[in-house]
file upload04.txt (compact mmCIF, C-alpha atoms and all ligand atoms)
# COMPACT_ATOMS: atom_id res chain seq x y z
CA MET R 255 0.00 0.00 0.00
CA ARG R 256 1.21 3.46 -0.87
CA GLN R 257 0.85 5.92 2.02
CA PRO R 258 -0.57 9.20 0.69
CA LEU R 259 1.70 12.22 0.92
CA VAL R 260 0.40 15.77 1.11
CA ALA R 261 3.16 18.32 0.65
CA GLY R 262 2.88 22.10 0.79
CA ASN R 263 4.89 24.17 -1.66
CA TRP R 264 4.95 27.61 -0.10
CA LYS R 265 6.73 29.05 -3.17
CA MET R 266 8.07 32.59 -2.53
CA ASN R 267 5.54 33.55 0.10
CA GLY R 268 5.55 34.52 3.75
CA SER R 269 7.47 36.43 6.39
CA LEU R 270 9.01 35.17 9.60
CA ALA R 271 5.85 36.28 11.42
CA SER R 272 3.45 34.54 9.00
CA VAL R 273 5.60 31.39 8.96
CA ARG R 274 5.44 31.22 12.76
CA GLU R 275 1.67 31.59 12.67
CA LEU R 276 1.28 28.93 9.98
CA LEU R 277 3.52 26.47 11.83
CA ALA R 278 1.61 27.00 15.07
CA GLY R 279 -1.63 26.23 13.23
CA LEU R 280 -0.19 23.10 11.64
CA LYS R 281 1.12 21.81 14.95
CA ALA R 282 -2.23 22.45 16.63
CA GLY R 283 -4.15 20.46 14.02
CA ILE R 284 -1.82 17.70 12.90
CA ALA R 285 -3.32 15.12 15.30
CA GLU R 286 -6.47 15.13 13.10
CA VAL R 287 -4.45 13.77 10.19
CA LYS R 288 -4.71 9.99 10.47
CA VAL R 289 -3.51 8.57 7.17
CA ALA R 290 -1.45 10.97 5.08
CA GLU R 291 2.19 11.78 5.54
CA VAL R 292 2.54 15.58 5.70
CA ALA R 293 5.43 17.78 4.55
CA VAL R 294 6.06 21.48 3.91
CA CYS R 295 8.55 23.10 1.54
CA PRO R 296 9.28 26.65 2.68
CA PRO R 297 11.55 29.23 1.05
CA ALA R 298 15.10 28.23 2.01
CA VAL R 299 15.70 31.06 4.50
CA PHE R 300 12.81 29.83 6.64
CA ILE R 301 14.06 26.24 6.84
CA PRO R 302 15.93 26.72 10.16
CA GLU R 303 12.75 28.16 11.71
CA VAL R 304 10.70 25.28 10.31
CA GLN R 305 13.21 22.76 11.65
CA GLY R 306 13.09 24.39 15.08
CA GLN R 307 9.30 24.28 15.18
CA LEU R 308 8.60 20.93 13.53
CA SER R 309 11.34 18.71 14.98
CA GLY R 310 9.65 16.00 17.01
CA THR R 311 6.31 16.42 15.18
CA PRO R 312 5.06 14.05 12.44
CA ILE R 313 5.46 16.83 9.84
CA SER R 314 8.57 16.73 7.67
CA TRP R 315 10.02 19.49 5.52
CA GLY R 316 12.02 20.05 2.38
CA GLY R 317 13.56 22.54 -0.03
CA GLN R 318 12.03 23.96 -3.20
CA ASP R 319 15.13 23.49 -5.36
CA LEU R 320 18.78 22.49 -5.11
CA SER R 321 21.98 22.91 -7.08
CA VAL R 322 23.38 20.16 -9.26
CA HIS R 323 26.77 21.00 -7.71
CA GLU R 324 27.99 19.78 -4.32
CA SER R 325 29.74 23.03 -3.31
CA GLY R 326 31.85 25.85 -4.70
CA ALA R 327 31.62 29.10 -6.60
CA TYR R 328 27.91 29.06 -7.50
CA THR R 329 26.53 32.29 -6.10
CA GLY R 330 22.95 32.05 -4.91
CA GLU R 331 22.75 28.26 -5.15
CA ILE R 332 21.96 25.82 -2.34
CA ALA R 333 23.54 22.37 -2.14
CA GLY R 334 21.61 19.24 -1.22
CA SER R 335 23.94 18.63 1.74
CA MET R 336 22.93 22.04 3.13
CA LEU R 337 19.28 21.00 3.02
CA THR R 338 19.99 17.72 4.81
CA ASP R 339 22.06 19.64 7.36
CA PHE R 340 18.83 21.39 8.34
CA GLY R 341 16.79 18.23 8.55
CA CYS R 342 15.14 18.32 5.13
CA LYS R 343 13.69 15.03 3.94
CA TYR R 344 12.39 16.23 0.57
CA VAL R 345 13.32 18.60 -2.21
CA ILE R 346 11.07 19.76 -5.05
CA ILE R 347 12.72 19.49 -8.45
CA GLY R 348 11.55 20.39 -11.92
CA HIS R 349 8.64 22.57 -10.85
CA SER R 350 7.07 24.18 -13.91
CA GLU R 351 7.86 27.63 -12.51
CA ARG R 352 11.55 26.73 -12.54
CA ARG R 353 11.27 25.15 -15.97
CA THR R 354 9.53 28.27 -17.31
CA TYR R 355 11.21 31.16 -15.49
CA HIS R 356 14.66 29.66 -14.97
CA GLY R 357 15.02 27.68 -18.15
CA GLU R 358 15.37 24.31 -16.45
CA THR R 359 15.53 21.54 -19.03
CA ASP R 360 14.63 17.86 -18.70
CA GLN R 361 18.36 17.12 -18.62
CA LEU R 362 19.07 19.57 -15.79
CA VAL R 363 16.10 18.26 -13.81
CA ALA R 364 17.47 14.71 -14.20
CA GLU R 365 20.85 15.92 -12.91
CA LYS R 366 19.10 17.53 -9.94
CA PHE R 367 17.35 14.22 -9.24
CA THR R 368 20.75 12.54 -8.94
CA ALA R 369 22.15 15.40 -6.83
CA ALA R 370 19.19 15.10 -4.46
CA ARG R 371 19.65 11.33 -4.05
CA LYS R 372 23.41 11.76 -3.52
CA ALA R 373 22.59 14.10 -0.63
CA GLY R 374 20.05 11.64 0.79
CA LEU R 375 17.01 13.75 -0.13
CA VAL R 376 13.77 12.40 -1.59
CA PRO R 377 13.02 14.30 -4.81
CA LEU R 378 9.48 15.54 -5.39
CA PHE R 379 9.82 15.40 -9.14
CA CYS R 380 7.32 17.64 -10.95
CA ILE R 381 6.01 17.02 -14.44
CA GLY R 382 3.05 18.31 -16.42
CA GLU R 383 1.84 19.83 -19.65
CA THR R 384 0.96 23.42 -20.53
CA GLN R 385 -2.47 24.45 -21.76
CA GLU R 386 -1.13 24.67 -25.30
CA GLU R 387 0.28 21.15 -25.09
CA ARG R 388 -3.01 19.78 -23.73
CA GLU R 389 -4.97 21.49 -26.49
CA GLY R 390 -2.48 20.15 -29.00
CA GLY R 391 -3.22 16.62 -27.78
CA ILE R 392 0.35 15.92 -26.68
CA THR R 393 -0.11 15.67 -22.89
CA GLU R 394 1.03 12.03 -22.76
CA GLU R 395 3.97 12.71 -25.04
CA VAL R 396 5.14 15.57 -22.81
CA VAL R 397 4.93 13.73 -19.49
CA ALA R 398 6.51 10.63 -21.04
CA ARG R 399 9.45 12.73 -22.25
CA GLN R 400 9.85 14.30 -18.79
CA ILE R 401 9.82 10.90 -17.06
CA ASP R 402 12.05 9.21 -19.60
CA ALA R 403 14.72 11.90 -19.12
CA VAL R 404 15.04 10.92 -15.46
CA ILE R 405 14.90 7.17 -16.16
CA GLU R 406 17.63 7.50 -18.81
CA HIS R 407 19.87 9.57 -16.57
CA CYS R 408 19.23 8.00 -13.17
CA GLY R 409 17.81 4.56 -13.89
CA VAL R 410 14.33 3.40 -12.95
CA ASP R 411 15.39 2.22 -9.48
CA MET R 412 16.53 5.72 -8.54
CA LEU R 413 13.30 7.16 -9.94
CA GLY R 414 11.53 4.82 -7.53
CA GLU R 415 13.33 6.46 -4.60
CA GLY R 416 11.52 9.70 -5.36
CA VAL R 417 7.94 10.87 -5.64
CA ILE R 418 6.33 12.14 -8.86
CA ALA R 419 4.07 15.19 -8.76
CA TYR R 420 1.83 15.56 -11.81
CA GLU R 421 1.01 19.24 -12.07
CA PRO R 422 -0.80 20.35 -15.22
CA VAL R 423 0.62 23.83 -15.74
CA TRP R 424 -2.79 25.23 -16.72
CA ALA R 425 -4.17 24.22 -13.30
CA ILE R 426 -1.45 25.85 -11.19
CA GLY R 427 -2.67 28.91 -9.32
CA THR R 428 -5.54 29.37 -11.77
CA GLY R 429 -8.41 27.87 -9.81
CA LEU R 430 -8.84 25.40 -12.68
CA THR R 431 -8.40 21.83 -11.49
CA ALA R 432 -8.07 18.74 -13.60
CA SER R 433 -11.22 16.72 -13.02
CA PRO R 434 -10.63 13.63 -10.90
CA GLU R 435 -11.12 11.52 -14.06
CA GLN R 436 -8.71 13.62 -16.13
CA ALA R 437 -6.10 13.43 -13.38
CA GLN R 438 -6.61 9.70 -12.83
CA ASP R 439 -6.14 9.04 -16.57
CA ILE R 440 -2.76 10.77 -16.63
CA HIS R 441 -1.67 9.26 -13.32
CA ALA R 442 -2.44 5.80 -14.71
CA PHE R 443 -0.52 6.67 -17.87
CA ILE R 444 2.48 7.82 -15.79
CA ARG R 445 2.45 4.62 -13.72
CA GLY R 446 2.20 2.60 -16.91
CA ARG R 447 5.15 4.43 -18.42
CA VAL R 448 7.28 3.61 -15.36
CA ALA R 449 6.01 0.01 -15.45
CA GLN R 450 7.48 -0.40 -18.93
CA ASN R 451 10.84 -0.19 -17.13
CA SER R 452 9.93 -1.84 -13.81
CA ALA R 453 6.55 -3.09 -12.67
CA ALA R 454 7.72 -3.21 -9.06
CA VAL R 455 8.92 0.41 -9.06
CA ALA R 456 5.69 1.54 -10.72
CA GLU R 457 3.59 -0.24 -8.10
CA GLY R 458 5.40 1.37 -5.17
CA LEU R 459 5.79 4.86 -6.66
CA ARG R 460 3.74 7.68 -5.14
CA ILE R 461 2.25 9.98 -7.76
CA LEU R 462 0.85 13.23 -6.34
CA TYR R 463 -1.55 15.61 -8.05
CA GLY R 464 -0.90 19.36 -7.96
CA GLY R 465 -2.86 22.29 -9.35
CA SER R 466 -5.52 24.26 -7.45
CA MET R 467 -6.11 21.44 -4.98
CA LYS R 468 -8.32 22.68 -2.14
CA PRO R 469 -10.14 21.18 0.85
CA ASP R 470 -13.36 20.98 -1.21
CA ASN R 471 -11.92 19.04 -4.17
CA ALA R 472 -9.24 17.00 -2.38
CA ALA R 473 -11.35 14.02 -1.30
CA GLU R 474 -12.54 13.27 -4.85
CA LEU R 475 -9.04 13.48 -6.27
CA LEU R 476 -7.46 11.44 -3.47
CA ALA R 477 -10.10 8.72 -3.88
CA LYS R 478 -8.73 7.84 -7.33
CA ALA R 479 -6.67 4.66 -7.55
CA ASP R 480 -3.49 6.23 -8.92
CA ILE R 481 -3.57 9.55 -7.03
CA ASP R 482 -1.37 9.13 -3.97
CA GLY R 483 -1.52 12.59 -2.49
CA GLY R 484 -1.09 16.21 -3.42
CA LEU R 485 1.43 18.97 -3.92
CA ILE R 486 -0.34 22.07 -2.70
CA GLY R 487 0.50 25.68 -3.52
CA GLY R 488 -1.90 28.44 -2.48
CA ALA R 489 -3.94 26.32 -0.08
CA SER R 490 -0.80 25.30 1.83
CA LEU R 491 -0.36 28.86 3.13
CA LYS R 492 -3.35 28.63 5.47
CA ALA R 493 -3.19 25.99 8.20
CA GLU R 494 -6.92 25.32 8.09
CA ASP R 495 -6.99 24.77 4.31
CA PHE R 496 -3.85 22.68 4.23
CA LEU R 497 -5.00 20.49 7.11
CA GLY R 498 -8.39 20.19 5.40
CA ILE R 499 -6.63 18.62 2.42
CA CYS R 500 -4.50 16.40 4.65
CA THR R 501 -7.55 15.09 6.52
CA ALA R 502 -9.38 14.44 3.24
CA ALA R 503 -7.04 11.47 2.94
CA ASN R 504 -8.39 10.01 6.20
CA GLU R 505 -11.29 8.37 4.38
P1 LIG R 601 -1.62 25.82 -6.55
O1 LIG R 601 -2.08 24.82 -5.54
O2 LIG R 601 -1.52 27.21 -6.00
O3 LIG R 601 -2.37 25.73 -7.84
O4 LIG R 601 -0.09 25.42 -6.91
C1 LIG R 601 0.21 24.11 -7.22
C2 LIG R 601 1.68 23.98 -7.27
O5 LIG R 601 2.33 24.51 -8.16
C3 LIG R 601 2.35 23.19 -6.23
O6 LIG R 601 3.68 22.95 -6.54
call {"tool": "encode", "arguments": {"input": "upload04.txt", "output": "structure tokens", "more": "lines below"}}
Ligand code: 13P
result
Amino acid sequence: MRQPLVAGNWKMNGSLASVRELLAGLKAGIAEVKVAEVAVCPPAVFIPEVQGQLSGTPISWGGQDLSVHESGAYTGEIAGSMLTDFGCKYVIIGHSERRTYHGETDQLVAEKFTAARKAGLVPLFCIGETQEEREGGITEEVVARQIDAVIEHCGVDMLGEGVIAYEPVWAIGTGLTASPEQAQDIHAFIRGRVAQNSAAVAEGLRILYGGSMKPDNAAELLAKADIDGGLIGGASLKAEDFLGICTAANE
């Protein structure tokens, strides 16, 4: 059985004061979450605060990105070992915002997958098609290419040490959600693609949905056979909303 994972991607939001308030709310409500594993991915500067507040709770935390390099003259970059130093379990890689605004290619994302594993981090590996690609009927082609890049570079066994997050770009921050059926179809396709390389890895792999997931649509999405949790943006910034999604996995 795959334990559902609900992870919050805070993106570039918050202040020390709002982070403290959010963490207090999460700690107060986490006992209601019976089934899902819960994680948060704050902006890097808040990670020490998150570690201080969440150590000893069931909530884990992670980074939003990492460098492909281990150390050295790479101004502004953060190494995987620095994330593990501050207790991170996860790191998001290949988010569409990094692919779009920072020019991250499939190849670079695959290198980041390896860098994360080398540092002992679990990659939350994001894939997904744009609106234009969906309308062009190439959704499956796009996600297959994104997955294959990691399998070719890292091998299917290493892919299986991570988590995939399917995030249709047109659903991110737009209020548009893939219908549970639409999402399930792609999740099943993704699992099938991995199964072409290893049935065992495909069976154990957690595939999260991301894109305007909210407390009122979470239960329907999470009920689908191949949807193993969520990667939550906007709704992860309010404790009540985020916990509402986490508890939707109780059923
Ligand atoms: P929203 O939940 O705000 O649509 O963002 C999803 C996302 O990009 C999570 O990584």
call {"tool": "closest_atom_pairs", "arguments": {"input": "upload04.txt", "of": "stretch 291-362 of chain R", "to": "stretch 256-270 of chain R", "cutoff": "12 Å", "atoms": "all atoms listed in the file", "output": "CSV"}}
result
residue,atom,partner,partner_atom,distance
R:Glu291,CA,R:Leu259,CA,4.7
R:Val292,CA,R:Val260,CA,5.1
R:Ala293,CA,R:Ala261,CA,4.5
R:Val294,CA,R:Gly262,CA,4.5
R:Cys295,CA,R:Asn263,CA,5.0
R:Pro296,CA,R:Trp264,CA,5.2
R:Pro297,CA,R:Met266,CA,6.0
R:Ala298,CA,R:Met266,CA,9.4
R:Val299,CA,R:Leu270,CA,9.4
R:Phe300,CA,R:Leu270,CA,7.2
R:Ile301,CA,R:Leu270,CA,10.6
R:Pro302,CA,R:Leu270,CA,10.9
R:Glu303,CA,R:Leu270,CA,8.2
R:Val304,CA,R:Leu270,CA,10.1
R:Ile313,CA,R:Ala261,CA,9.6
R:Ser314,CA,R:Ala261,CA,9.0
R:Trp315,CA,R:Ala261,CA,8.5
R:Gly316,CA,R:Asn263,CA,9.2
R:Gly317,CA,R:Asn263,CA,9.0
R:Gln318,CA,R:Asn263,CA,7.3
R:Asp319,CA,R:Lys265,CA,10.3
R:Lys343,CA,R:Ala261,CA,11.5
R:Tyr344,CA,R:Ala261,CA,9.5
R:Val345,CA,R:Asn263,CA,10.1
R:Ile346,CA,R:Asn263,CA,8.3
R:Ile347,CA,R:Asn263,CA,11.4
R:His349,CA,R:Asn263,CA,10.1
R:Ser350,CA,R:Lys265,CA,11.8
R:Glu351,CA,R:Lys265,CA,9.5
R:Arg352,CA,R:Lys265,CA,10.8
call {"tool": "residues_around", "arguments": {"input": "upload04.txt", "residues": "R:Pro422", "least_positions_apart": "5", "cutoff": "8 Å", "atoms": "all atoms listed in the file", "output": "VMD selection string"}}
result
chain R and resid 381 to 385 432 464 to 465
call {"tool": "atom_distance", "arguments": {"input": "upload04.txt", "atom1": "atom CA of R:Trp424", "atom2": "atom CA of R:Leu497"}}
result
24.4 Å
call {"tool": "residues_near_ligand", "arguments": {"input": "upload04.txt", "ligand": "ligand LIG 601 (chain R)", "cutoff": "6 Å", "atoms": "all atoms listed in the file", "output": "list in words"}}
result
Asn263, Ala425, Ile426, Gly427, Gly464, Gly465, Ser466, Met467, Leu485, Ile486, Gly487, Gly488 and Ala489 of chain R
call {"tool": "residues_around", "arguments": {"input": "upload04.txt", "residues": "stretch 363-374 of chain R", "least_positions_apart": "6", "cutoff": "12 Å", "atoms": "only C-alpha atoms", "output": "PyMOL selection string"}}
result
chain R and resi 316-325+332-339+341-350+352-353+356-357+380-381+399-418
call {"tool": "atom_distance", "arguments": {"input": "upload04.txt", "atom1": "atom CA of R:Ile499", "atom2": "atom CA of R:Ala479"}}
result
17.2 Å
